[in-house]
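This is data_20.pdb (PDB, C-alpha atoms, pLDDT in the B column).
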ATOM      1  CA  MET A 296       0.000   0.000   0.000  1.00 30.00           C
ATOM      2  CA  GLN A 297       1.351   3.392  -0.937  1.00 31.00           C
ATOM      3  CA  SER A 298       1.955   5.733   1.973  1.00 37.00           C
ATOM      4  CA  ARG A 299      -0.420   8.678   2.254  1.00 38.00           C
ATOM      5  CA  LYS A 300       1.708  11.768   2.781  1.00 43.00           C
ATOM      6  CA  THR A 301       0.620  14.595   5.043  1.00 46.00           C
ATOM      7  CA  GLU A 302       0.201  17.767   3.025  1.00 51.00           C
ATOM      8  CA  PRO A 303       1.917  20.864   4.456  1.00 56.00           C
ATOM      9  CA  GLY A 304      -0.530  22.919   6.503  1.00 61.00           C
ATOM     10  CA  LYS A 305      -3.238  20.255   6.354  1.00 76.00           C
ATOM     11  CA  ILE A 306      -4.906  18.907   9.491  1.00 82.00           C
ATOM     12  CA  THR A 307      -4.496  15.134   9.869  1.00 94.00           C
ATOM     13  CA  ASP A 308      -6.914  13.096  11.980  1.00 97.00           C
ATOM     14  CA  VAL A 309      -5.361  10.732  14.515  1.00 98.00           C
ATOM     15  CA  VAL A 310      -6.484   8.058  16.981  1.00 98.00           C
ATOM     16  CA  LEU A 311      -4.325   7.437  20.068  1.00 98.00           C
ATOM     17  CA  PHE A 312      -3.916   4.073  21.754  1.00 98.00           C
ATOM     18  CA  GLY A 313      -4.588   4.245  25.484  1.00 97.00           C
ATOM     19  CA  ALA A 314      -6.874   6.032  27.916  1.00 96.00           C
ATOM     20  CA  ASP A 315      -4.401   6.856  30.676  1.00 96.00           C
ATOM     21  CA  THR A 316      -1.871   9.539  31.571  1.00 96.00           C
ATOM     22  CA  PHE A 317       0.471   8.591  28.714  1.00 97.00           C
ATOM     23  CA  ALA A 318      -2.394   9.013  26.259  1.00 98.00           C
ATOM     24  CA  SER A 319      -3.449  12.300  27.860  1.00 98.00           C
ATOM     25  CA  LEU A 320       0.078  13.675  27.558  1.00 98.00           C
ATOM     26  CA  ALA A 321       0.243  12.797  23.861  1.00 98.00           C
ATOM     27  CA  TRP A 322      -3.241  14.236  23.281  1.00 98.00           C
ATOM     28  CA  PHE A 323      -2.260  17.520  24.939  1.00 98.00           C
ATOM     29  CA  CYS A 324       0.952  17.824  22.929  1.00 98.00           C
ATOM     30  CA  LEU A 325      -0.695  17.051  19.601  1.00 98.00           C
ATOM     31  CA  THR A 326      -3.569  19.415  20.336  1.00 97.00           C
ATOM     32  CA  ASN A 327      -1.325  22.330  21.271  1.00 97.00           C
ATOM     33  CA  ASP A 328       1.807  21.714  19.222  1.00 97.00           C
ATOM     34  CA  SER A 329       0.939  20.109  15.886  1.00 96.00           C
ATOM     35  CA  LEU A 330      -1.395  19.999  12.910  1.00 95.00           C
ATOM     36  CA  TYR A 331      -2.687  16.635  14.086  1.00 97.00           C
ATOM     37  CA  ARG A 332      -6.263  16.448  15.347  1.00 97.00           C
ATOM     38  CA  VAL A 333      -7.028  13.693  17.837  1.00 98.00           C
ATOM     39  CA  GLN A 334     -10.411  12.161  17.054  1.00 98.00           C
ATOM     40  CA  ALA A 335     -10.558   9.326  19.596  1.00 98.00           C
ATOM     41  CA  PHE A 336      -8.712   6.921  21.849  1.00 98.00           C
ATOM     42  CA  THR A 337      -8.607   3.152  21.491  1.00 98.00           C
ATOM     43  CA  VAL A 338      -7.833   0.363  23.965  1.00 98.00           C
ATOM     44  CA  ASP A 339      -8.171  -3.408  24.106  1.00 97.00           C
ATOM     45  CA  ALA A 340     -11.816  -4.335  24.651  1.00 96.00           C
ATOM     46  CA  SER A 341     -10.998  -6.015  27.963  1.00 95.00           C
ATOM     47  CA  TYR A 342      -9.554  -2.716  29.268  1.00 92.00           C
ATOM     48  CA  ARG A 343     -12.301  -0.429  27.976  1.00 95.00           C
ATOM     49  CA  SER A 344     -13.756   0.730  31.294  1.00 93.00           C
ATOM     50  CA  VAL A 345     -14.829   4.209  30.115  1.00 92.00           C
ATOM     51  CA  SER A 346     -16.575   5.450  26.980  1.00 94.00           C
ATOM     52  CA  SER A 347     -14.729   8.768  26.803  1.00 96.00           C
ATOM     53  CA  HIS A 348     -11.352  10.247  27.695  1.00 97.00           C
ATOM     54  CA  GLU A 349     -10.374  13.915  27.530  1.00 98.00           C
ATOM     55  CA  GLY A 350     -13.835  14.518  26.081  1.00 97.00           C
ATOM     56  CA  LEU A 351     -13.279  12.157  23.148  1.00 98.00           C
ATOM     57  CA  PRO A 352     -14.648   8.666  22.407  1.00 98.00           C
ATOM     58  CA  VAL A 353     -12.860   5.536  23.578  1.00 98.00           C
ATOM     59  CA  VAL A 354     -13.411   2.602  21.231  1.00 98.00           C
ATOM     60  CA  SER A 355     -12.189  -0.968  21.393  1.00 98.00           C
ATOM     61  CA  PHE A 356      -9.059  -1.746  19.390  1.00 98.00           C
ATOM     62  CA  GLU A 357     -10.637  -4.912  18.047  1.00 97.00           C
ATOM     63  CA  ASN A 358     -13.423  -2.852  16.409  1.00 96.00           C
ATOM     64  CA  LEU A 359     -11.382   0.228  15.550  1.00 97.00           C
ATOM     65  CA  SER A 360     -11.767  -0.105  11.787  1.00 97.00           C
ATOM     66  CA  GLU A 361     -15.572  -0.009  12.090  1.00 97.00           C
ATOM     67  CA  HIS A 362     -15.440   3.452  13.659  1.00 97.00           C
ATOM     68  CA  TYR A 363     -12.191   4.880  12.256  1.00 98.00           C
ATOM     69  CA  PRO A 364     -11.075   2.997   9.132  1.00 98.00           C
ATOM     70  CA  PRO A 365      -7.460   3.053   7.937  1.00 98.00           C
ATOM     71  CA  ASP A 366      -8.200   5.372   5.014  1.00 97.00           C
ATOM     72  CA  LYS A 367      -9.609   8.055   7.342  1.00 97.00           C
ATOM     73  CA  VAL A 368      -7.180   8.297  10.247  1.00 98.00           C
ATOM     74  CA  ARG A 369      -3.623   7.602  11.274  1.00 98.00           C
ATOM     75  CA  LEU A 370      -2.532   6.139  14.597  1.00 98.00           C
ATOM     76  CA  LEU A 371      -0.078   6.944  17.376  1.00 98.00           C
ATOM     77  CA  PHE A 372       0.659   4.550  20.235  1.00 98.00           C
ATOM     78  CA  PRO A 373       2.094   6.455  23.242  1.00 97.00           C
ATOM     79  CA  LEU A 374       2.260   3.311  25.386  1.00 96.00           C
ATOM     80  CA  GLY A 375       4.772   2.807  28.176  1.00 95.00           C
ATOM     81  CA  TYR A 376       7.338   0.049  28.666  1.00 96.00           C
ATOM     82  CA  HIS A 377       5.086  -2.779  29.895  1.00 96.00           C
ATOM     83  CA  ALA A 378       6.587  -6.199  29.101  1.00 96.00           C
ATOM     84  CA  ILE A 379       9.886  -4.467  28.233  1.00 97.00           C
ATOM     85  CA  ASN A 380       8.104  -2.489  25.486  1.00 98.00           C
ATOM     86  CA  GLY A 381       6.520  -5.676  24.157  1.00 97.00           C
ATOM     87  CA  LEU A 382       2.927  -4.482  24.458  1.00 97.00           C
ATOM     88  CA  ARG A 383       3.630  -1.366  22.397  1.00 98.00           C
ATOM     89  CA  ARG A 384       5.504  -3.467  19.821  1.00 98.00           C
ATOM     90  CA  ASP A 385       2.654  -5.997  19.528  1.00 98.00           C
ATOM     91  CA  ARG A 386      -0.144  -3.439  19.140  1.00 98.00           C
ATOM     92  CA  TYR A 387       1.916  -1.454  16.637  1.00 98.00           C
ATOM     93  CA  GLN A 388       2.493  -4.556  14.533  1.00 98.00           C
ATOM     94  CA  GLN A 389      -1.154  -5.574  14.780  1.00 98.00           C
ATOM     95  CA  ALA A 390      -2.301  -2.147  13.605  1.00 98.00           C
ATOM     96  CA  LYS A 391       0.107  -2.275  10.657  1.00 97.00           C
ATOM     97  CA  ALA A 392      -1.381  -5.646   9.687  1.00 97.00           C
ATOM     98  CA  MET A 393      -4.830  -4.011   9.816  1.00 97.00           C
ATOM     99  CA  GLY A 394      -3.677  -1.513   7.196  1.00 98.00           C
ATOM    100  CA  TYR A 395      -3.141   1.548   9.399  1.00 98.00           C
ATOM    101  CA  GLU A 396      -0.439   4.131   8.913  1.00 98.00           C
ATOM    102  CA  PHE A 397       1.173   6.114  11.713  1.00 98.00           C
ATOM    103  CA  ILE A 398       2.344   9.584  12.568  1.00 98.00           C
ATOM    104  CA  SER A 399       5.354  10.598  14.621  1.00 98.00           C
ATOM    105  CA  TYR A 400       5.484  13.604  16.907  1.00 98.00           C
ATOM    106  CA  VAL A 401       8.544  15.793  17.509  1.00 98.00           C
ATOM    107  CA  SER A 402       7.959  18.624  19.972  1.00 98.00           C
ATOM    108  CA  SER A 403       8.629  22.103  18.642  1.00 97.00           C
ATOM    109  CA  ARG A 404      10.531  22.570  21.908  1.00 98.00           C
ATOM    110  CA  ALA A 405      12.928  19.695  21.180  1.00 98.00           C
ATOM    111  CA  SER A 406      16.381  20.458  19.778  1.00 98.00           C
ATOM    112  CA  THR A 407      16.918  18.610  16.494  1.00 97.00           C
ATOM    113  CA  TRP A 408      18.847  19.077  13.259  1.00 96.00           C
ATOM    114  CA  PRO A 409      17.751  18.896   9.595  1.00 94.00           C
ATOM    115  CA  ASP A 410      19.345  15.470   9.138  1.00 93.00           C
ATOM    116  CA  LEU A 411      17.160  13.851  11.824  1.00 94.00           C
ATOM    117  CA  HIS A 412      16.104  10.345  10.821  1.00 95.00           C
ATOM    118  CA  ILE A 413      13.042   9.178  12.757  1.00 97.00           C
ATOM    119  CA  GLY A 414      10.756   6.244  12.051  1.00 98.00           C
ATOM    120  CA  GLU A 415       6.985   6.088  12.283  1.00 98.00           C
ATOM    121  CA  ASN A 416       4.971   5.959  15.502  1.00 98.00           C
ATOM    122  CA  SER A 417       7.700   7.662  17.522  1.00 98.00           C
ATOM    123  CA  LEU A 418       7.476  10.537  20.004  1.00 98.00           C
ATOM    124  CA  ILE A 419      10.184  13.027  20.964  1.00 98.00           C
ATOM    125  CA  TYR A 420       9.106  15.282  23.812  1.00 98.00           C
ATOM    126  CA  GLU A 421      10.107  18.803  24.827  1.00 98.00           C
ATOM    127  CA  HIS A 422      13.731  19.755  25.546  1.00 98.00           C
ATOM    128  CA  ALA A 423      15.060  16.467  24.226  1.00 98.00           C
ATOM    129  CA  ILE A 424      18.322  17.031  22.339  1.00 98.00           C
ATOM    130  CA  ILE A 425      18.984  14.921  19.265  1.00 98.00           C
ATOM    131  CA  GLN A 426      22.426  15.701  17.863  1.00 98.00           C
ATOM    132  CA  PRO A 427      23.526  15.401  14.218  1.00 98.00           C
ATOM    133  CA  PHE A 428      23.928  11.926  12.703  1.00 98.00           C
ATOM    134  CA  ALA A 429      21.667  10.306  15.327  1.00 98.00           C
ATOM    135  CA  ARG A 430      19.009   7.883  14.079  1.00 98.00           C
ATOM    136  CA  ILE A 431      15.739   7.094  15.835  1.00 98.00           C
ATOM    137  CA  GLY A 432      13.797   3.987  14.847  1.00 98.00           C
ATOM    138  CA  SER A 433      10.083   3.304  14.658  1.00 98.00           C
ATOM    139  CA  ASN A 434       7.789   2.953  17.680  1.00 98.00           C
ATOM    140  CA  VAL A 435      10.278   4.752  19.930  1.00 98.00           C
ATOM    141  CA  ILE A 436       9.537   7.088  22.855  1.00 98.00           C
ATOM    142  CA  ILE A 437      12.098   9.712  23.917  1.00 98.00           C
ATOM    143  CA  ARG A 438      10.950  11.665  26.935  1.00 98.00           C
ATOM    144  CA  SER A 439      11.610  15.235  28.042  1.00 98.00           C
ATOM    145  CA  GLY A 440      15.187  16.417  28.472  1.00 98.00           C
ATOM    146  CA  ALA A 441      16.872  13.300  27.116  1.00 98.00           C
ATOM    147  CA  HIS A 442      20.218  13.899  25.376  1.00 98.00           C
ATOM    148  CA  ILE A 443      20.906  11.689  22.364  1.00 98.00           C
ATOM    149  CA  SER A 444      24.465  12.459  21.279  1.00 98.00           C
ATOM    150  CA  HIS A 445      25.968  12.400  17.794  1.00 98.00           C
ATOM    151  CA  HIS A 446      25.960   9.153  15.833  1.00 98.00           C
ATOM    152  CA  CYS A 447      23.736   7.380  18.359  1.00 98.00           C
ATOM    153  CA  GLN A 448      21.232   4.806  17.144  1.00 98.00           C
ATOM    154  CA  VAL A 449      17.998   4.056  18.992  1.00 98.00           C
ATOM    155  CA  ALA A 450      16.388   0.936  17.541  1.00 98.00           C
ATOM    156  CA  ASP A 451      12.696   0.149  17.092  1.00 98.00           C
ATOM    157  CA  HIS A 452      10.386  -0.169  20.114  1.00 98.00           C
ATOM    158  CA  ALA A 453      12.848   1.378  22.594  1.00 98.00           C
ATOM    159  CA  PHE A 454      11.967   3.764  25.445  1.00 98.00           C
ATOM    160  CA  VAL A 455      14.336   6.515  26.621  1.00 98.00           C
ATOM    161  CA  ALA A 456      13.102   8.176  29.812  1.00 98.00           C
ATOM    162  CA  ALA A 457      13.394  11.806  30.880  1.00 98.00           C
ATOM    163  CA  GLY A 458      16.859  13.173  31.629  1.00 98.00           C
ATOM    164  CA  VAL A 459      18.790  10.299  30.079  1.00 98.00           C
ATOM    165  CA  THR A 460      22.227  11.080  28.607  1.00 98.00           C
ATOM    166  CA  LEU A 461      23.694   8.976  25.822  1.00 98.00           C
ATOM    167  CA  GLY A 462      27.319   9.586  24.934  1.00 98.00           C
ATOM    168  CA  GLY A 463      28.352   9.606  21.276  1.00 98.00           C
ATOM    169  CA  ASN A 464      28.038   6.464  19.157  1.00 98.00           C
ATOM    170  CA  VAL A 465      25.800   4.608  21.614  1.00 98.00           C
ATOM    171  CA  VAL A 466      23.599   1.916  20.060  1.00 98.00           C
ATOM    172  CA  VAL A 467      20.366   1.157  21.919  1.00 98.00           C
ATOM    173  CA  GLY A 468      18.885  -2.176  20.856  1.00 98.00           C
ATOM    174  CA  GLU A 469      15.286  -3.063  20.089  1.00 98.00           C
ATOM    175  CA  GLN A 470      12.850  -2.865  23.017  1.00 98.00           C
ATOM    176  CA  ALA A 471      15.514  -1.583  25.405  1.00 98.00           C
ATOM    177  CA  PHE A 472      14.395   0.635  28.283  1.00 98.00           C
ATOM    178  CA  ILE A 473      16.656   3.409  29.615  1.00 98.00           C
ATOM    179  CA  GLY A 474      15.387   4.722  32.973  1.00 98.00           C
ATOM    180  CA  LEU A 475      15.137   8.236  34.370  1.00 98.00           C
ATOM    181  CA  GLY A 476      18.411  10.132  34.461  1.00 98.00           C
ATOM    182  CA  ALA A 477      20.586   7.201  33.405  1.00 98.00           C
ATOM    183  CA  VAL A 478      23.984   7.971  31.867  1.00 98.00           C
ATOM    184  CA  LEU A 479      25.486   5.773  29.152  1.00 98.00           C
ATOM    185  CA  ARG A 480      29.166   6.140  28.291  1.00 98.00           C
ATOM    186  CA  ASP A 481      30.088   6.782  24.664  1.00 98.00           C
ATOM    187  CA  GLY A 482      30.446   3.849  22.298  1.00 98.00           C
ATOM    188  CA  LEU A 483      28.324   1.387  24.267  1.00 98.00           C
ATOM    189  CA  ARG A 484      26.092  -1.314  22.821  1.00 98.00           C
ATOM    190  CA  ILE A 485      22.881  -1.710  24.799  1.00 98.00           C
ATOM    191  CA  ALA A 486      21.489  -5.114  23.889  1.00 98.00           C
ATOM    192  CA  GLU A 487      17.895  -5.782  22.914  1.00 98.00           C
ATOM    193  CA  ARG A 488      15.392  -5.770  25.775  1.00 98.00           C
ATOM    194  CA  SER A 489      17.946  -4.450  28.269  1.00 98.00           C
ATOM    195  CA  PHE A 490      16.496  -2.611  31.266  1.00 98.00           C
ATOM    196  CA  ILE A 491      18.634   0.232  32.615  1.00 98.00           C
ATOM    197  CA  GLY A 492      17.427   1.430  36.015  1.00 98.00           C
ATOM    198  CA  ALA A 493      16.821   5.049  36.963  1.00 98.00           C
ATOM    199  CA  GLY A 494      20.008   6.972  37.732  1.00 98.00           C
ATOM    200  CA  SER A 495      22.288   4.168  36.626  1.00 98.00           C
ATOM    201  CA  VAL A 496      25.702   4.908  35.094  1.00 98.00           C
ATOM    202  CA  VAL A 497      26.463   2.336  32.419  1.00 98.00           C
ATOM    203  CA  LEU A 498      30.138   1.855  31.536  1.00 98.00           C
ATOM    204  CA  LYS A 499      30.032  -1.514  29.757  1.00 98.00           C
ATOM    205  CA  ASP A 500      27.990  -3.166  27.027  1.00 98.00           C
ATOM    206  CA  THR A 501      24.903  -5.002  28.248  1.00 98.00           C
ATOM    207  CA  GLU A 502      23.403  -8.436  27.592  1.00 98.00           C
ATOM    208  CA  ALA A 503      19.986  -9.132  26.104  1.00 98.00           C
ATOM    209  CA  ASP A 504      17.159  -9.189  28.694  1.00 98.00           C
ATOM    210  CA  GLY A 505      19.510  -8.041  31.461  1.00 98.00           C
ATOM    211  CA  VAL A 506      18.618  -5.586  34.224  1.00 98.00           C
ATOM    212  CA  TYR A 507      21.325  -3.078  35.192  1.00 98.00           C
ATOM    213  CA  VAL A 508      21.244  -0.746  38.192  1.00 98.00           C
ATOM    214  CA  GLY A 509      23.638   1.408  40.191  1.00 98.00           C
ATOM    215  CA  ASN A 510      26.788   3.488  39.685  1.00 98.00           C
ATOM    216  CA  PRO A 511      28.591   1.851  38.059  1.00 98.00           C
ATOM    217  CA  ALA A 512      25.692  -0.241  36.769  1.00 98.00           C
ATOM    218  CA  GLN A 513      25.737  -3.931  37.619  1.00 98.00           C
ATOM    219  CA  LYS A 514      23.592  -6.724  36.249  1.00 97.00           C
ATOM    220  CA  ILE A 515      21.145  -8.233  38.750  1.00 97.00           C
ATOM    221  CA  ALA A 516      19.534 -11.659  38.814  1.00 93.00           C
ATOM    222  CA  ARG A 517      16.084 -10.647  37.571  1.00 93.00           C
ATOM    223  CA  THR A 518      15.246 -10.398  33.853  1.00 96.00           C
ATOM    224  CA  ALA A 519      13.843  -7.339  32.123  1.00 96.00           C
ATOM    225  CA  LEU A 520      10.510  -9.089  31.572  1.00 95.00           C
ATOM    226  CA  GLN A 521      10.263  -9.859  35.287  1.00 95.00           C
ATOM    227  CA  VAL A 522      10.875  -6.201  36.148  1.00 94.00           C
ATOM    228  CA  THR A 523       8.383  -4.748  33.660  1.00 96.00           C
ATOM    229  CA  GLY A 524       5.652  -7.383  33.806  1.00 90.00           C
ATOM    230  CA  GLY A 525       4.805 -10.167  31.371  1.00 77.00           C
TER     231      GLY A 525
END
In structure tokens, write the structure found in this file.
Amino acid sequence: MQSRKTEPGKITDVVLFGADTFASLAWFCLTNDSLYRVQAFTVDASYRSVSSHEGLPVVSFENLSEHYPPDKVRLLFPLGYHAINGLRRDRYQQAKAMGYEFISYVSSRASTWPDLHIGENSLIYEHAIIQPFARIGSNVIIRSGAHISHHCQVADHAFVAAGVTLGGNVVVGEQAFIGLGAVLRDGLRIAERSFIGAGSVVLKDTEADGVYVGNPAQKIARTALQVTGG
């Protein structure tokens, strides 16, 4: 299917996944800092406990196409890091299979450069700094005040929390989670599904599914899936 491009200056209708604080934050940012117009929220039918959120309809994800078909709206999934970002990955992939296309949101208050490469269904919040030659994948969340240095790569489905600092040439693997205020030394390779705890200082490459906490960060016995819920 050919991608439908957003025309400059044209309002684009969007449905957000979720009916919680993450969804409210994305709704507020899009409403006040973009040409995207949020039409509704969607959640799994088993979690649909309300019929409206922020004054807009909440519809079940399973029946989304009946209310908001793929040729009428685009989607954005501002989900958190549950199941080491697995829930956001799964719903994103399911929506793609349903024929939906996605937007990405970059705050006007973020610091970026013209060469920014960012995939679909990604969010970059205010005061984040993305330096030249950095690449951001699809289905990625980068929260307020994060610093992504030059030549860094953040792979699909990752989550970078507020105040994180990545040194130059850091590679963050798929589904990795980098917690509040963590610092990653330049040149590191953060393996897929790694969980870096809040305030940790990472000086060595990590292993897939590992949990790392402290200064300097050390791997603990629990897995990332155990920490973030299955």
When the PyMOL selection byres ((chain A and resi 436) around 8) is applied to the file above, which residues end up in the set, as a PyMOL selection string? chain A and resi 373+417-419+434-435+437-438+452-456
Tell me, as an MDAnalysis selection string, which residues lie within 6 Å of Thr518 (chain A), counting only C-alpha atoms; anything in the same chain fewer than 2 positions away does not count. chainID A and resid 504:506 520:521
Could you please give me, as a PDB file with C-alpha atoms, in the frame of the given file, the residues of protein, DNA or RNA lying at most 12 Å from (21.5, -5.6, 38.5) in the coordinate frame of the file, considering only C-alpha atoms?
ATOM      1  CA  SER A 489      17.946  -4.450  28.269  1.00 98.00           C
ATOM      2  CA  PHE A 490      16.496  -2.611  31.266  1.00 98.00           C
ATOM      3  CA  ILE A 491      18.634   0.232  32.615  1.00 98.00           C
ATOM      4  CA  GLY A 492      17.427   1.430  36.015  1.00 98.00           C
ATOM      5  CA  ALA A 493      16.821   5.049  36.963  1.00 98.00           C
ATOM      6  CA  SER A 495      22.288   4.168  36.626  1.00 98.00           C
ATOM      7  CA  VAL A 496      25.702   4.908  35.094  1.00 98.00           C
ATOM      8  CA  VAL A 497      26.463   2.336  32.419  1.00 98.00           C
ATOM      9  CA  THR A 501      24.903  -5.002  28.248  1.00 98.00           C
ATOM     10  CA  GLU A 502      23.403  -8.436  27.592  1.00 98.00           C
ATOM     11  CA  ASP A 504      17.159  -9.189  28.694  1.00 98.00           C
ATOM     12  CA  GLY A 505      19.510  -8.041  31.461  1.00 98.00           C
ATOM     13  CA  VAL A 506      18.618  -5.586  34.224  1.00 98.00           C
ATOM     14  CA  TYR A 507      21.325  -3.078  35.192  1.00 98.00           C
ATOM     15  CA  VAL A 508      21.244  -0.746  38.192  1.00 98.00           C
ATOM     16  CA  GLY A 509      23.638   1.408  40.191  1.00 98.00           C
ATOM     17  CA  ASN A 510      26.788   3.488  39.685  1.00 98.00           C
ATOM     18  CA  PRO A 511      28.591   1.851  38.059  1.00 98.00           C
ATOM     19  CA  ALA A 512      25.692  -0.241  36.769  1.00 98.00           C
ATOM     20  CA  GLN A 513      25.737  -3.931  37.619  1.00 98.00           C
ATOM     21  CA  LYS A 514      23.592  -6.724  36.249  1.00 97.00           C
ATOM     22  CA  ILE A 515      21.145  -8.233  38.750  1.00 97.00           C
ATOM     23  CA  ALA A 516      19.534 -11.659  38.814  1.00 93.00           C
ATOM     24  CA  ARG A 517      16.084 -10.647  37.571  1.00 93.00           C
ATOM     25  CA  THR A 518      15.246 -10.398  33.853  1.00 96.00           C
ATOM     26  CA  ALA A 519      13.843  -7.339  32.123  1.00 96.00           C
ATOM     27  CA  VAL A 522      10.875  -6.201  36.148  1.00 94.00           C
TER      28      VAL A 522
END
Got a sec to check which residues sit within 12 Å of (6.7, 6.4, 12.9), counting only C-alpha atoms, and write them as a PyMOL selection string? chain A and resi 298+369-373+387-388+391+395-401+412-419+431-436+451-452
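For the atom pair formed by CA of Gln448 (chain A) and CA of Arg430 (chain A), the distance is 4.9 Å, given to one decimal.
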Report the distance between CA of Gly476 (chain A) and CA of Thr326 (chain A) in Å, rounded to one decimal place. 27.7 Å
Which of these residues is nearest to Ile473 (chain A), using all atoms listed in the file: A:Ala340, A:Val368, A:Val449, A:Ala378? A:Val449
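This file gives the following result for the PyMOL selection byres ((chain A and resi 311) around 9): Val309, Val310, Phe312, Gly313, Ala314, Ala318, Ala321, Trp322, Val333, Gln334, Ala335, Phe336, Thr337, Val338, Arg369, Leu370, Leu371, Phe372 and Pro373 of chain A.
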If you count only C-alpha atoms, which residues fall within 10 Å of Leu411 (chain A), apart from same-chain ones fewer than 4 positions away, as JSON, numbers by chain? {"A": [407, 425, 426, 427, 428, 429, 430, 431]}
Please identify all polymer residues within 8 Å of region 480-486 of chain A, counting only C-alpha atoms, omitting same-chain residues fewer than 3 positions from it, and present them as a PyMOL selection string. chain A and resi 461-469+471+489+496-504
Reconstructed N, CA and C atoms for region 390-410 of chain A, given as a PDB file, in the frame of the given file:
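Saved result, result04.pdb, follows:
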ATOM      1  N   ALA A 390      -1.658  -3.245  14.331  1.00 98.00           N
ATOM      2  CA  ALA A 390      -2.301  -2.147  13.605  1.00 98.00           C
ATOM      3  C   ALA A 390      -1.757  -2.047  12.181  1.00 98.00           C
ATOM      4  N   LYS A 391      -0.462  -2.282  12.005  1.00 97.00           N
ATOM      5  CA  LYS A 391       0.107  -2.275  10.657  1.00 97.00           C
ATOM      6  C   LYS A 391      -0.538  -3.372   9.813  1.00 97.00           C
ATOM      7  N   ALA A 392      -0.747  -4.550  10.413  1.00 97.00           N
ATOM      8  CA  ALA A 392      -1.381  -5.646   9.687  1.00 97.00           C
ATOM      9  C   ALA A 392      -2.827  -5.326   9.323  1.00 97.00           C
ATOM     10  N   MET A 393      -3.459  -4.436  10.093  1.00 97.00           N
ATOM     11  CA  MET A 393      -4.830  -4.011   9.816  1.00 97.00           C
ATOM     12  C   MET A 393      -4.886  -2.934   8.735  1.00 97.00           C
ATOM     13  N   GLY A 394      -3.723  -2.483   8.277  1.00 98.00           N
ATOM     14  CA  GLY A 394      -3.677  -1.513   7.196  1.00 98.00           C
ATOM     15  C   GLY A 394      -3.516  -0.069   7.625  1.00 98.00           C
ATOM     16  N   TYR A 395      -3.276   0.172   8.910  1.00 98.00           N
ATOM     17  CA  TYR A 395      -3.141   1.548   9.399  1.00 98.00           C
ATOM     18  C   TYR A 395      -1.750   2.098   9.137  1.00 98.00           C
ATOM     19  N   GLU A 396      -1.692   3.403   8.950  1.00 98.00           N
ATOM     20  CA  GLU A 396      -0.439   4.131   8.913  1.00 98.00           C
ATOM     21  C   GLU A 396      -0.331   4.973  10.182  1.00 98.00           C
ATOM     22  N   PHE A 397       0.876   5.479  10.432  1.00 98.00           N
ATOM     23  CA  PHE A 397       1.173   6.114  11.713  1.00 98.00           C
ATOM     24  C   PHE A 397       1.774   7.495  11.506  1.00 98.00           C
ATOM     25  N   ILE A 398       1.631   8.316  12.519  1.00 98.00           N
ATOM     26  CA  ILE A 398       2.344   9.584  12.568  1.00 98.00           C
ATOM     27  C   ILE A 398       3.508   9.435  13.545  1.00 98.00           C
ATOM     28  N   SER A 399       4.385  10.404  13.544  1.00 98.00           N
ATOM     29  CA  SER A 399       5.354  10.598  14.621  1.00 98.00           C
ATOM     30  C   SER A 399       5.222  12.037  15.091  1.00 98.00           C
ATOM     31  N   TYR A 400       5.568  12.258  16.337  1.00 98.00           N
ATOM     32  CA  TYR A 400       5.484  13.604  16.907  1.00 98.00           C
ATOM     33  C   TYR A 400       6.848  14.018  17.436  1.00 98.00           C
ATOM     34  N   VAL A 401       7.322  15.183  16.987  1.00 98.00           N
ATOM     35  CA  VAL A 401       8.544  15.793  17.509  1.00 98.00           C
ATOM     36  C   VAL A 401       8.167  17.156  18.057  1.00 98.00           C
ATOM     37  N   SER A 402       8.333  17.355  19.351  1.00 98.00           N
ATOM     38  CA  SER A 402       7.959  18.624  19.972  1.00 98.00           C
ATOM     39  C   SER A 402       8.698  19.785  19.316  1.00 98.00           C
ATOM     40  N   SER A 403       7.979  20.894  19.147  1.00 97.00           N
ATOM     41  CA  SER A 403       8.629  22.103  18.642  1.00 97.00           C
ATOM     42  C   SER A 403       9.652  22.637  19.632  1.00 97.00           C
ATOM     43  N   ARG A 404       9.603  22.147  20.859  1.00 98.00           N
ATOM     44  CA  ARG A 404      10.531  22.570  21.908  1.00 98.00           C
ATOM     45  C   ARG A 404      11.726  21.624  22.046  1.00 98.00           C
ATOM     46  N   ALA A 405      11.759  20.576  21.222  1.00 98.00           N
ATOM     47  CA  ALA A 405      12.928  19.695  21.180  1.00 98.00           C
ATOM     48  C   ALA A 405      14.005  20.326  20.316  1.00 98.00           C
ATOM     49  N   SER A 406      15.256  19.947  20.564  1.00 98.00           N
ATOM     50  CA  SER A 406      16.381  20.458  19.778  1.00 98.00           C
ATOM     51  C   SER A 406      16.822  19.371  18.810  1.00 98.00           C
ATOM     52  N   THR A 407      16.545  19.586  17.524  1.00 97.00           N
ATOM     53  CA  THR A 407      16.918  18.610  16.494  1.00 97.00           C
ATOM     54  C   THR A 407      17.598  19.329  15.337  1.00 97.00           C
ATOM     55  N   TRP A 408      18.142  18.536  14.416  1.00 96.00           N
ATOM     56  CA  TRP A 408      18.847  19.077  13.259  1.00 96.00           C
ATOM     57  C   TRP A 408      18.182  18.580  11.982  1.00 96.00           C
ATOM     58  N   PRO A 409      18.448  19.259  10.841  1.00 94.00           N
ATOM     59  CA  PRO A 409      17.751  18.896   9.595  1.00 94.00           C
ATOM     60  C   PRO A 409      17.984  17.466   9.135  1.00 94.00           C
ATOM     61  N   ASP A 410      19.072  16.833   9.595  1.00 93.00           N
ATOM     62  CA  ASP A 410      19.345  15.470   9.138  1.00 93.00           C
ATOM     63  C   ASP A 410      18.663  14.410   9.997  1.00 93.00           C
TER      64      ASP A 410
END
